[in-house]
file target.txt (compact mmCIF, C-alpha atoms)
# COMPACT_ATOMS: atom_id res chain seq x y z
CA MET A 955 13.33 -31.92 -17.90
CA SER A 956 17.06 -32.54 -18.33
CA LYS A 957 19.56 -32.32 -15.48
CA ASN A 958 21.26 -29.37 -17.19
CA SER A 959 18.13 -27.27 -17.35
CA ASN A 960 17.36 -28.15 -13.74
CA ASP A 961 20.85 -26.93 -12.71
CA LEU A 962 20.31 -23.81 -14.78
CA TYR A 963 17.07 -23.09 -12.98
CA ASN A 964 18.52 -23.80 -9.57
CA SER A 965 21.27 -21.24 -10.13
CA ALA A 966 18.89 -18.65 -11.58
CA SER A 967 17.79 -15.62 -9.54
CA ASP A 968 14.23 -15.35 -8.24
CA GLU A 969 13.48 -12.63 -10.78
CA GLU A 970 14.76 -14.77 -13.67
CA LEU A 971 12.68 -17.72 -12.53
CA LEU A 972 9.55 -15.60 -12.26
CA ALA A 973 10.05 -14.30 -15.80
CA ARG A 974 10.22 -17.87 -17.13
CA ILE A 975 7.04 -19.16 -15.51
CA SER A 976 4.25 -20.20 -17.84
CA LEU A 977 1.63 -22.94 -18.04
CA GLU A 978 3.99 -24.90 -20.29
CA GLU A 979 7.06 -24.24 -18.13
CA ILE A 980 6.10 -24.80 -14.52
CA THR A 981 9.53 -25.86 -13.14
CA PRO A 982 10.64 -22.27 -12.31
CA PHE A 983 7.44 -21.90 -10.30
CA SER A 984 8.17 -25.14 -8.48
CA ILE A 985 11.68 -23.91 -7.58
CA LEU A 986 10.37 -20.57 -6.32
CA PHE A 987 7.83 -22.46 -4.24
CA ASP A 988 10.61 -24.48 -2.61
CA ARG A 989 12.71 -21.37 -2.00
CA TYR A 990 9.99 -19.41 -0.26
CA LYS A 991 7.51 -21.81 1.35
CA ASP A 992 9.36 -22.15 4.67
CA ARG A 993 10.19 -18.46 4.93
CA LEU A 994 6.61 -17.44 4.25
CA PHE A 995 5.32 -20.15 6.58
CA SER A 996 7.34 -18.81 9.50
CA PHE A 997 6.52 -15.20 8.60
CA LEU A 998 2.77 -15.93 8.63
CA LYS A 999 3.12 -18.00 11.78
CA ILE A 1000 4.84 -15.23 13.68
CA ARG A 1001 3.03 -12.27 12.23
CA PHE A 1002 -0.52 -13.62 12.32
CA ALA A 1003 -0.30 -16.38 14.93
CA LEU A 1004 -2.21 -18.72 12.61
CA LYS A 1005 -2.71 -22.45 13.00
CA ASN A 1006 -0.64 -24.59 10.63
CA GLU A 1007 -3.67 -25.70 8.59
CA LEU A 1008 -4.69 -22.10 8.00
CA ILE A 1009 -1.16 -21.20 6.93
CA ASP A 1010 -1.13 -24.10 4.45
CA GLU A 1011 -4.41 -22.87 3.03
CA ALA A 1012 -3.07 -19.31 2.81
CA LEU A 1013 0.19 -20.43 1.21
CA GLN A 1014 -1.67 -22.23 -1.59
CA GLU A 1015 -3.59 -19.05 -2.36
CA ILE A 1016 -0.50 -16.86 -2.05
CA PHE A 1017 1.52 -18.97 -4.49
CA LEU A 1018 -1.42 -19.14 -6.89
CA LYS A 1019 -1.53 -15.33 -6.70
CA VAL A 1020 2.20 -15.18 -7.44
CA TYR A 1021 1.62 -17.35 -10.51
CA LEU A 1022 -1.39 -15.36 -11.72
CA HIS A 1023 0.19 -11.96 -11.05
CA LYS A 1024 3.69 -12.76 -12.31
CA ASN A 1025 3.34 -10.14 -15.07
CA ASP A 1026 2.66 -7.48 -12.47
CA PHE A 1027 6.25 -7.78 -11.30
CA ASP A 1028 8.25 -5.11 -13.04
CA PRO A 1029 12.04 -5.46 -12.67
CA GLU A 1030 12.43 -1.88 -13.91
CA LEU A 1031 10.84 -0.65 -10.68
CA LYS A 1032 13.85 -2.11 -8.84
CA ILE A 1033 11.76 -4.00 -6.33
CA LYS A 1034 13.15 -7.31 -5.09
CA PHE A 1035 11.18 -10.48 -5.75
CA SER A 1036 11.39 -11.33 -2.03
CA SER A 1037 9.74 -8.00 -1.12
CA TRP A 1038 7.09 -8.56 -3.78
CA ILE A 1039 6.15 -12.04 -2.55
CA TYR A 1040 6.10 -10.90 1.09
CA LYS A 1041 3.85 -8.02 0.09
CA ILE A 1042 1.47 -10.47 -1.62
CA ALA A 1043 1.54 -12.77 1.43
CA TYR A 1044 0.98 -9.89 3.83
CA ASN A 1045 -1.87 -8.26 1.86
CA TYR A 1046 -3.58 -11.57 1.17
CA THR A 1047 -3.54 -12.64 4.81
CA VAL A 1048 -4.65 -9.28 6.19
CA ASP A 1049 -7.55 -9.14 3.69
CA LYS A 1050 -8.54 -12.73 4.33
CA LEU A 1051 -8.49 -12.44 8.12
CA ARG A 1052 -10.40 -9.17 8.12
CA HIS A 1053 -12.92 -10.49 5.60
CA GLU A 1054 -13.57 -13.74 7.42
CA LYS A 1055 -13.32 -12.08 10.83
CA LYS A 1056 -11.38 -15.07 12.07
CA PHE A 1057 -9.58 -12.79 14.47
CA SER A 1058 -10.88 -9.62 16.01
CA THR A 1059 -7.41 -8.10 15.95
CA LEU A 1060 -4.23 -9.10 14.23
CA SER A 1061 -1.75 -10.63 16.61
CA ILE A 1062 1.87 -11.58 16.61
CA ASP A 1063 2.86 -14.93 17.99
CA LEU A 1064 5.99 -13.87 19.78
CA ALA A 1065 5.54 -15.36 23.20
CA THR A 1066 5.50 -18.89 21.81
CA ASN A 1067 8.46 -18.41 19.53
CA GLU A 1068 11.59 -18.95 21.57
CA SER A 1069 14.11 -18.71 18.73
CA LEU A 1070 12.65 -15.43 17.54
CA LEU A 1071 12.66 -14.03 21.02
CA THR A 1072 16.27 -14.96 21.60
CA LYS A 1073 17.28 -13.50 18.28
CA ILE A 1074 15.50 -10.21 18.69
CA SER A 1075 16.38 -9.86 22.38
CA ASP A 1076 20.05 -10.28 21.46
CA GLN A 1077 19.84 -7.72 18.69
CA VAL A 1078 17.95 -5.18 20.74
CA GLY A 1079 20.28 -5.79 23.65
CA ILE A 1080 17.79 -7.07 26.19
CA GLU A 1081 18.79 -9.96 28.37
CA ALA A 1082 15.44 -10.91 29.79
CA LYS A 1083 13.09 -12.19 27.08
CA THR A 1084 10.06 -11.50 29.21
CA ASP A 1085 11.03 -7.82 29.28
CA PHE A 1086 11.15 -7.84 25.54
CA VAL A 1087 7.68 -9.42 25.21
CA LYS A 1088 6.26 -6.94 27.68
CA ILE A 1089 7.69 -3.95 25.84
CA PHE A 1090 6.91 -5.43 22.44
CA HIS A 1091 3.22 -5.71 23.26
CA LYS A 1092 3.12 -2.04 24.18
CA LEU A 1093 4.04 -1.16 20.59
CA GLN A 1094 1.40 -0.33 18.03
CA GLU A 1095 0.50 -2.92 15.38
CA THR A 1096 2.57 -1.32 12.59
CA GLU A 1097 5.53 -0.95 14.92
CA GLN A 1098 5.32 -4.63 15.87
CA GLU A 1099 5.22 -5.56 12.17
CA ILE A 1100 8.30 -3.49 11.51
CA VAL A 1101 10.17 -5.12 14.41
CA VAL A 1102 9.37 -8.58 13.04
CA LEU A 1103 10.39 -7.65 9.49
CA ARG A 1104 13.54 -5.86 10.55
CA PHE A 1105 14.88 -8.16 13.25
CA PHE A 1106 13.43 -11.55 12.41
CA GLU A 1107 13.13 -11.42 8.63
CA GLU A 1108 16.22 -9.17 8.45
CA LYS A 1109 14.68 -6.96 5.81
CA SER A 1110 16.23 -3.68 4.77
CA TYR A 1111 14.39 -0.36 5.14
CA GLU A 1112 13.61 -0.43 1.41
CA GLU A 1113 12.20 -3.93 1.60
CA ILE A 1114 10.03 -3.07 4.60
CA SER A 1115 8.79 -0.03 2.70
CA ASP A 1116 7.84 -2.26 -0.25
CA ILE A 1117 6.22 -4.98 1.85
CA LEU A 1118 4.13 -2.67 4.01
CA GLN A 1119 3.72 -0.12 1.20
CA MET A 1120 4.71 2.88 3.23
CA PRO A 1121 7.18 5.71 2.59
CA LEU A 1122 10.84 4.91 3.21
CA GLY A 1123 11.16 7.86 5.58
CA THR A 1124 8.25 6.57 7.68
CA VAL A 1125 10.00 3.20 8.14
CA GLY A 1126 13.13 4.98 9.40
CA THR A 1127 11.12 7.25 11.67
CA ILE A 1128 9.19 4.34 13.19
CA LEU A 1129 12.38 2.32 13.77
CA ARG A 1130 14.00 5.28 15.54
CA LYS A 1131 10.83 5.72 17.60
CA ILE A 1132 10.89 2.01 18.54
CA SER A 1133 14.53 2.20 19.54
CA THR A 1134 13.88 5.24 21.75
CA PHE A 1135 10.82 3.55 23.22
CA PHE A 1136 12.82 0.41 24.15
CA LYS A 1137 15.60 2.47 25.73
CA LYS A 1138 13.06 4.50 27.72
CA GLU A 1139 11.20 1.40 28.90
CA LEU A 1140 14.42 -0.28 30.01
CA LEU A 1141 15.60 2.63 32.12
CA MET B 94 3.25 -28.13 6.77
CA ASN B 95 1.35 -30.07 4.13
CA THR B 96 4.05 -31.71 2.01
CA ASN B 97 1.77 -32.28 -1.00
CA MET B 98 0.85 -28.62 -1.19
CA LYS B 99 3.14 -27.83 -4.10
CA ASP B 100 2.10 -30.87 -6.15
CA ASP B 101 -1.59 -30.16 -5.49
CA LEU B 102 -1.18 -26.56 -6.61
CA ILE B 103 0.77 -27.43 -9.75
CA ALA B 104 -1.78 -30.15 -10.60
CA LYS B 105 -4.58 -27.61 -10.16
CA ILE B 106 -2.82 -25.12 -12.47
CA GLN B 107 -2.16 -27.74 -15.13
CA ASN B 108 -5.53 -29.52 -14.95
CA GLN B 109 -7.53 -26.30 -15.08
CA LYS B 110 -5.07 -24.78 -17.59
CA ILE B 111 -4.75 -21.65 -15.49
CA THR B 112 -2.54 -19.05 -17.17
CA PRO B 113 -1.00 -15.91 -15.62
CA TYR B 114 -2.85 -12.64 -16.27
CA PRO B 115 -1.39 -10.92 -19.32
CA LYS B 116 0.94 -7.93 -18.97
CA TYR B 117 -1.57 -5.53 -20.53
CA TYR B 118 -4.06 -6.28 -17.69
CA PHE B 119 -1.66 -4.69 -15.19
CA LEU B 120 -0.67 -1.92 -17.58
CA LEU B 121 -4.33 -1.01 -18.07
CA LYS B 122 -4.85 -1.01 -14.31
CA ASN B 123 -1.96 1.42 -13.88
CA TYR B 124 -3.15 3.64 -16.73
CA ALA B 125 -6.66 3.65 -15.21
CA LEU B 126 -5.22 4.78 -11.86
CA MET B 127 -3.15 7.49 -13.55
CA PHE B 128 -6.21 8.60 -15.51
CA LEU B 129 -8.20 8.78 -12.25
CA SER B 130 -5.46 10.90 -10.66
CA VAL B 131 -5.50 13.35 -13.58
CA LEU B 132 -9.32 13.39 -13.66
CA ASN B 133 -9.49 14.19 -9.96
CA ILE B 134 -6.91 16.96 -10.37
CA ILE B 135 -9.12 18.45 -13.11
CA LEU B 136 -12.29 18.08 -11.00
CA GLY B 137 -10.42 19.66 -8.09
CA ALA B 138 -9.45 22.56 -10.38
CA ILE B 139 -13.07 22.99 -11.48
CA ALA B 140 -14.19 23.01 -7.85
CA PHE B 141 -11.54 25.63 -7.12
CA CYS B 142 -12.82 28.14 -9.71
CA PRO B 143 -15.87 29.32 -7.68
CA ILE B 144 -13.51 29.77 -4.70
CA PHE B 145 -11.43 32.17 -6.81
CA LEU B 146 -14.60 33.90 -7.86
CA TYR B 147 -15.53 34.36 -4.20
CA PHE B 148 -12.30 36.26 -3.53
CA HIS B 149 -12.72 38.45 -6.60
CA ARG B 150 -16.32 39.53 -6.17
CA ASP B 151 -17.27 43.06 -5.34
CA ARG B 152 -19.10 42.71 -2.04
CA TRP B 153 -19.97 46.26 -1.10
CA ASP B 154 -23.35 46.35 -2.84
CA VAL B 155 -24.51 43.11 -1.21
CA MET B 156 -23.16 44.08 2.20
CA SER B 157 -24.94 47.42 2.21
CA GLN B 158 -28.15 45.90 0.84
CA PHE B 159 -28.32 43.27 3.61
CA LYS B 160 -26.75 45.53 6.22
CA MET B 161 -23.98 43.04 6.94
CA THR B 162 -20.57 43.70 8.37
CA PRO B 163 -17.63 42.56 6.21
CA ILE B 164 -16.94 39.67 8.63
CA GLU B 165 -20.57 38.52 8.55
CA TYR B 166 -20.55 38.64 4.78
CA TRP B 167 -17.27 36.75 4.46
CA ILE B 168 -18.51 33.98 6.74
CA GLU B 169 -21.91 33.85 5.02
CA ALA B 170 -20.45 33.79 1.53
CA ILE B 171 -17.64 31.26 2.01
CA PRO B 172 -18.27 28.57 -0.63
CA PHE B 173 -18.03 25.67 1.80
CA ILE B 174 -19.41 23.09 -0.60
CA TRP B 175 -16.87 24.02 -3.27
CA ILE B 176 -14.08 23.86 -0.72
CA ILE B 177 -15.29 20.40 0.36
CA PHE B 178 -15.47 19.29 -3.31
CA PHE B 179 -12.01 20.68 -3.93
CA LEU B 180 -10.50 18.85 -0.94
CA PHE B 181 -12.43 15.67 -1.74
CA PHE B 182 -11.15 15.49 -5.32
CA THR B 183 -7.63 16.32 -4.18
CA TYR B 184 -7.84 13.44 -1.71
CA LEU B 185 -9.08 11.07 -4.45
CA ALA B 186 -6.24 12.20 -6.73
CA PHE B 187 -3.75 11.43 -3.95
CA GLN B 188 -5.30 8.02 -3.25
CA SER B 189 -5.20 6.89 -6.89
CA PHE B 190 -1.71 8.33 -7.48
CA LYS B 191 -0.40 6.46 -4.43
CA LYS B 192 -1.47 3.13 -5.94
CA VAL B 193 0.44 3.59 -9.18
CA HIS B 194 3.68 1.57 -9.26
CA ARG B 195 5.79 2.35 -6.19
CA ASN B 196 4.40 5.80 -5.46
CA TYR B 197 3.66 4.73 -1.87
CA ARG B 198 7.35 5.44 -1.28
CA TYR B 199 6.80 9.18 -1.60
CA SER B 200 5.79 11.25 1.39
CA PRO B 201 1.96 11.49 1.63
CA PHE B 202 2.38 15.13 2.67
CA LEU B 203 4.29 15.94 -0.52
CA MET B 204 1.74 14.05 -2.65
CA VAL B 205 -1.20 15.93 -1.10
CA ILE B 206 0.59 19.28 -1.43
CA SER B 207 1.44 18.50 -5.08
CA SER B 208 -2.20 17.58 -5.81
CA LEU B 209 -3.37 20.81 -4.15
CA ILE B 210 -0.87 22.94 -6.06
CA LEU B 211 -1.71 21.26 -9.38
CA SER B 212 -5.48 21.68 -8.87
CA MET B 213 -5.07 25.28 -7.72
CA SER B 214 -2.80 26.16 -10.64
CA LEU B 215 -5.15 24.59 -13.14
CA GLY B 216 -8.12 26.21 -11.39
CA PHE B 217 -6.37 29.58 -11.57
CA PHE B 218 -5.75 29.06 -15.29
CA ILE B 219 -9.43 28.19 -15.87
CA HIS B 220 -10.40 31.24 -13.80
CA ILE B 221 -8.23 33.73 -15.71
CA SER B 222 -9.53 32.21 -18.94
CA GLY B 223 -12.95 33.49 -17.83
CA PHE B 224 -14.70 30.17 -17.23
CA SER B 225 -15.42 30.53 -13.50
CA PRO B 226 -18.86 32.22 -13.91
CA THR B 227 -19.82 29.55 -16.47
CA ILE B 228 -18.90 26.78 -14.03
CA GLU B 229 -20.94 28.46 -11.31
CA GLN B 230 -23.90 28.74 -13.66
CA ILE B 231 -23.64 25.15 -14.92
CA ILE B 232 -23.75 23.83 -11.36
CA PRO B 233 -26.11 26.33 -9.71
CA HIS B 234 -27.36 26.59 -6.15
CA ILE B 235 -24.21 25.12 -4.72
CA HIS B 236 -22.97 27.45 -2.10
call {"tool": "encode", "arguments": {"input": "target.txt", "output": "structure tokens"}}
result
Amino acid sequence: MSKNSNDLYNSASDEELLARISLEEITPFSILFDRYKDRLFSFLKIRFALKNELIDEALQEIFLKVYLHKNDFDPELKIKFSSWIYKIAYNYTVDKLRHEKKFSTLSIDLATNESLLTKISDQVGIEAKTDFVKIFHKLQETEQEIVVLRFFEEKSYEEISDILQMPLGTVGTILRKISTFFKKELL
Amino acid sequence: MNTNMKDDLIAKIQNQKITPYPKYYFLLKNYALMFLSVLNIILGAIAFCPIFLYFHRDRWDVMSQFKMTPIEYWIEAIPFIWIIFFLFFTYLAFQSFKKVHRNYRYSPFLMVISSLILSMSLGFFIHISGFSPTIEQIIPHIH
């Protein structure tokens, strides 16, 4: 591949790269892989508290799914590629964990993630991180997921709606409920 | 993180000549889900016809014959099975409709209400067209 086409690909949007993927033209896939592997790795690490080897295994399957399902992505539906790939990663991991019963319940690895804690604690306005962890664990599973997506992954309401496949209004309602819950717990 | 992961995956794709699923595969899946939604709306409408019939029947003869009070008769004659069928098909219509494209974004309440209204309207149309007794006869002994 020439340097020019490589530059062209590097400046292309995720959606453009996805559209160009084929068995004969695998470079766009390779670029998308590089763009998203770390983000998905940390998302799976935090959300599912998986060991690194399991995340590697999951990432291989998730990216293979992205390749196989690339024609399922419809730009006309105005869904972002990032939401689409997170949705694939989320659904795949939930199905896999439930199927293999590797974990009795889904868990979020917050306590061990200092940078995440600092970030979210700052945003929520809580000084003591331990307070945050305590309150966080009182939330329901979906609420915890939304906190991670909103404050750590910095996803918009629309993106959260697409990733978790729930109505936009429900995302807003849950976030308001979480905010009220935090305020009440901190009083 | 395994640094060879990308190369291993690309090698697997190229060695096994794995190609993405064609566009029509996903289109067919969506059409199948839409078809299921419509089918369940129709089945819901069919299940609704005997419920209409129940509200339109002349009960006085039966009530006097069995010496039942109007309340007893109403409770006895409620077509529970048809109501369950009707709600079941409405639920299936909602479930399949939700999976089409980005329909999960709509309020589940609105989707269920829309399915109910569509099935009831269609059921009413079938009923006023005179098909309710036929439906009850085709699927007998369900009450």
call {"tool": "closest_residue", "arguments": {"input": "target.txt", "among": "B:Ile231, B:Leu185, B:Met204, B:Met127", "to": "chain A", "atoms": "only C-alpha atoms"}}
result
B:Met204
call {"tool": "interface_residues", "arguments": {"input": "target.txt", "of": "chain A", "to": "chain B", "cutoff": "6 Å", "atoms": "all atoms listed in the file", "output": "PyMOL selection string"}}
result
chain A and resi 977+1021-1022+1025-1026+1119-1122
call {"tool": "residues_around", "arguments": {"input": "target.txt", "residues": "range 969-975 of chain A", "least_positions_apart": "2", "cutoff": "9 Å", "atoms": "all atoms listed in the file", "output": "list in words"}}
result
Tyr963, Asn964, Ala966, Ser967, Leu977, Glu978, Glu979, Ile980, Thr981, Pro982, Phe983, Ile985, Leu986, Val1020, Tyr1021, Lys1024, Asn1025, Phe1027, Pro1029, Lys1034 and Phe1035 of chain A; Pro113 of chain B
call {"tool": "residues_around", "arguments": {"input": "target.txt", "residues": "Leu136 in chain B", "least_positions_apart": "5", "cutoff": "9 Å", "atoms": "all atoms listed in the file", "output": "list in words"}}
result
Val131, Phe141, Phe178, Phe179, Phe182, Thr183 and Ser212 of chain B
call {"tool": "atom_distance", "arguments": {"input": "target.txt", "atom1": "CA of Ala140 in chain B", "atom2": "CA of Thr162 in chain B"}}
result
27.1 Å
call {"tool": "atom_distance", "arguments": {"input": "target.txt", "atom1": "CA of Leu1118 in chain A", "atom2": "CA of Trp1038 in chain A"}}
result
10.2 Å
call {"tool": "closest_residue", "arguments": {"input": "target.txt", "among": "B:Phe190, B:Asn133, B:Phe202, B:Asn123", "to": "Thr1124 in chain A", "atoms": "all atoms listed in the file"}}
result
B:Phe202
call {"tool": "closest_residue", "arguments": {"input": "target.txt", "among": "A:Asn1006, A:Ser996, A:Ser984, A:Ser1036", "to": "Glu1113 in chain A", "atoms": "all atoms listed in the file"}}
result
A:Ser1036
call {"tool": "atom_distance", "arguments": {"input": "target.txt", "atom1": "CA of Ile176 in chain B", "atom2": "CA of Pro143 in chain B"}}
result
9.0 Å
call {"tool": "residues_around", "arguments": {"input": "target.txt", "residues": "Ser1037 in chain A", "least_positions_apart": "3", "cutoff": "10 Å", "atoms": "only C-alpha atoms", "output": "list in words"}}
result
Ile1033, Lys1034, Tyr1040, Lys1041, Ile1042, Ala1043, Lys1109, Ser1110, Glu1112, Glu1113, Ile1114, Ser1115, Asp1116, Ile1117 and Leu1118 of chain A
call {"tool": "residues_around", "arguments": {"input": "target.txt", "residues": "Lys1138 in chain A", "least_positions_apart": "6", "cutoff": "12 Å", "atoms": "all atoms listed in the file", "output": "JSON, numbers by chain"}}
result
{"A": [1089, 1131, 1132]}
call {"tool": "closest_residue", "arguments": {"input": "target.txt", "among": "B:Leu211, B:Ile164, B:Ile171, B:Ile135", "to": "Phe148 in chain B", "atoms": "all atoms listed in the file"}}
result
B:Ile171
call {"tool": "decode", "arguments": {"input": "target.txt", "residues": "range 985-1001 of chain A", "atoms": "N, CA, C and O atoms", "output": "PDB file, in the first residue's frame"}}
result
ATOM      1  N   ILE A 985      -6.815  -0.175  10.600  1.00  0.00           N
ATOM      2  CA  ILE A 985      -6.809   1.167  11.213  1.00  0.00           C
ATOM      3  C   ILE A 985      -7.903   1.283  12.280  1.00  0.00           C
ATOM      4  O   ILE A 985      -7.669   1.809  13.367  1.00  0.00           O
ATOM      5  N   LEU A 986      -9.077   0.753  11.949  1.00  0.00           N
ATOM      6  CA  LEU A 986     -10.166   0.781  12.945  1.00  0.00           C
ATOM      7  C   LEU A 986      -9.773  -0.004  14.199  1.00  0.00           C
ATOM      8  O   LEU A 986     -10.092   0.400  15.320  1.00  0.00           O
ATOM      9  N   PHE A 987      -9.103  -1.116  13.972  1.00  0.00           N
ATOM     10  CA  PHE A 987      -8.633  -1.932  15.101  1.00  0.00           C
ATOM     11  C   PHE A 987      -7.731  -1.093  16.004  1.00  0.00           C
ATOM     12  O   PHE A 987      -7.914  -1.062  17.230  1.00  0.00           O
ATOM     13  N   ASP A 988      -6.789  -0.391  15.392  1.00  0.00           N
ATOM     14  CA  ASP A 988      -5.858   0.439  16.183  1.00  0.00           C
ATOM     15  C   ASP A 988      -6.589   1.568  16.907  1.00  0.00           C
ATOM     16  O   ASP A 988      -6.239   1.921  18.026  1.00  0.00           O
ATOM     17  N   ARG A 989      -7.604   2.125  16.243  1.00  0.00           N
ATOM     18  CA  ARG A 989      -8.331   3.246  16.860  1.00  0.00           C
ATOM     19  C   ARG A 989      -9.132   2.824  18.086  1.00  0.00           C
ATOM     20  O   ARG A 989      -9.325   3.612  19.007  1.00  0.00           O
ATOM     21  N   TYR A 990      -9.651   1.605  18.055  1.00  0.00           N
ATOM     22  CA  TYR A 990     -10.606   1.223  19.101  1.00  0.00           C
ATOM     23  C   TYR A 990     -10.125   0.190  20.106  1.00  0.00           C
ATOM     24  O   TYR A 990     -10.789  -0.016  21.122  1.00  0.00           O
ATOM     25  N   LYS A 991      -8.993  -0.476  19.840  1.00  0.00           N
ATOM     26  CA  LYS A 991      -8.617  -1.595  20.724  1.00  0.00           C
ATOM     27  C   LYS A 991      -8.410  -1.157  22.183  1.00  0.00           C
ATOM     28  O   LYS A 991      -8.899  -1.807  23.100  1.00  0.00           O
ATOM     29  N   ASP A 992      -7.743  -0.024  22.382  1.00  0.00           N
ATOM     30  CA  ASP A 992      -7.468   0.410  23.763  1.00  0.00           C
ATOM     31  C   ASP A 992      -8.742   0.871  24.462  1.00  0.00           C
ATOM     32  O   ASP A 992      -8.953   0.594  25.638  1.00  0.00           O
ATOM     33  N   ARG A 993      -9.577   1.594  23.715  1.00  0.00           N
ATOM     34  CA  ARG A 993     -10.824   2.097  24.303  1.00  0.00           C
ATOM     35  C   ARG A 993     -11.723   0.938  24.722  1.00  0.00           C
ATOM     36  O   ARG A 993     -12.307   0.950  25.800  1.00  0.00           O
ATOM     37  N   LEU A 994     -11.824  -0.058  23.820  1.00  0.00           N
ATOM     38  CA  LEU A 994     -12.680  -1.205  24.150  1.00  0.00           C
ATOM     39  C   LEU A 994     -12.063  -2.030  25.271  1.00  0.00           C
ATOM     40  O   LEU A 994     -12.778  -2.565  26.124  1.00  0.00           O
ATOM     41  N   PHE A 995     -10.740  -2.123  25.266  1.00  0.00           N
ATOM     42  CA  PHE A 995     -10.052  -2.873  26.313  1.00  0.00           C
ATOM     43  C   PHE A 995     -10.402  -2.284  27.685  1.00  0.00           C
ATOM     44  O   PHE A 995     -10.804  -3.000  28.599  1.00  0.00           O
ATOM     45  N   SER A 996     -10.263  -0.954  27.799  1.00  0.00           N
ATOM     46  CA  SER A 996     -10.532  -0.348  29.105  1.00  0.00           C
ATOM     47  C   SER A 996     -12.017  -0.411  29.443  1.00  0.00           C
ATOM     48  O   SER A 996     -12.390  -0.601  30.602  1.00  0.00           O
ATOM     49  N   PHE A 997     -12.866  -0.285  28.440  1.00  0.00           N
ATOM     50  CA  PHE A 997     -14.319  -0.389  28.683  1.00  0.00           C
ATOM     51  C   PHE A 997     -14.660  -1.769  29.249  1.00  0.00           C
ATOM     52  O   PHE A 997     -15.369  -1.885  30.252  1.00  0.00           O
ATOM     53  N   LEU A 998     -14.134  -2.824  28.612  1.00  0.00           N
ATOM     54  CA  LEU A 998     -14.430  -4.182  29.075  1.00  0.00           C
ATOM     55  C   LEU A 998     -13.811  -4.450  30.442  1.00  0.00           C
ATOM     56  O   LEU A 998     -14.390  -5.143  31.276  1.00  0.00           O
ATOM     57  N   LYS A 999     -12.650  -3.863  30.644  1.00  0.00           N
ATOM     58  CA  LYS A 999     -11.953  -4.045  31.930  1.00  0.00           C
ATOM     59  C   LYS A 999     -12.789  -3.447  33.069  1.00  0.00           C
ATOM     60  O   LYS A 999     -12.980  -4.082  34.099  1.00  0.00           O
ATOM     61  N   ILE A1000     -13.254  -2.246  32.840  1.00  0.00           N
ATOM     62  CA  ILE A1000     -14.012  -1.569  33.897  1.00  0.00           C
ATOM     63  C   ILE A1000     -15.405  -2.168  34.049  1.00  0.00           C
ATOM     64  O   ILE A1000     -15.857  -2.461  35.138  1.00  0.00           O
ATOM     65  N   ARG A1001     -16.067  -2.338  32.922  1.00  0.00           N
ATOM     66  CA  ARG A1001     -17.455  -2.769  32.973  1.00  0.00           C
ATOM     67  C   ARG A1001     -17.616  -4.201  33.476  1.00  0.00           C
ATOM     68  O   ARG A1001     -18.535  -4.516  34.209  1.00  0.00           O
TER      69      ARG A1001
END
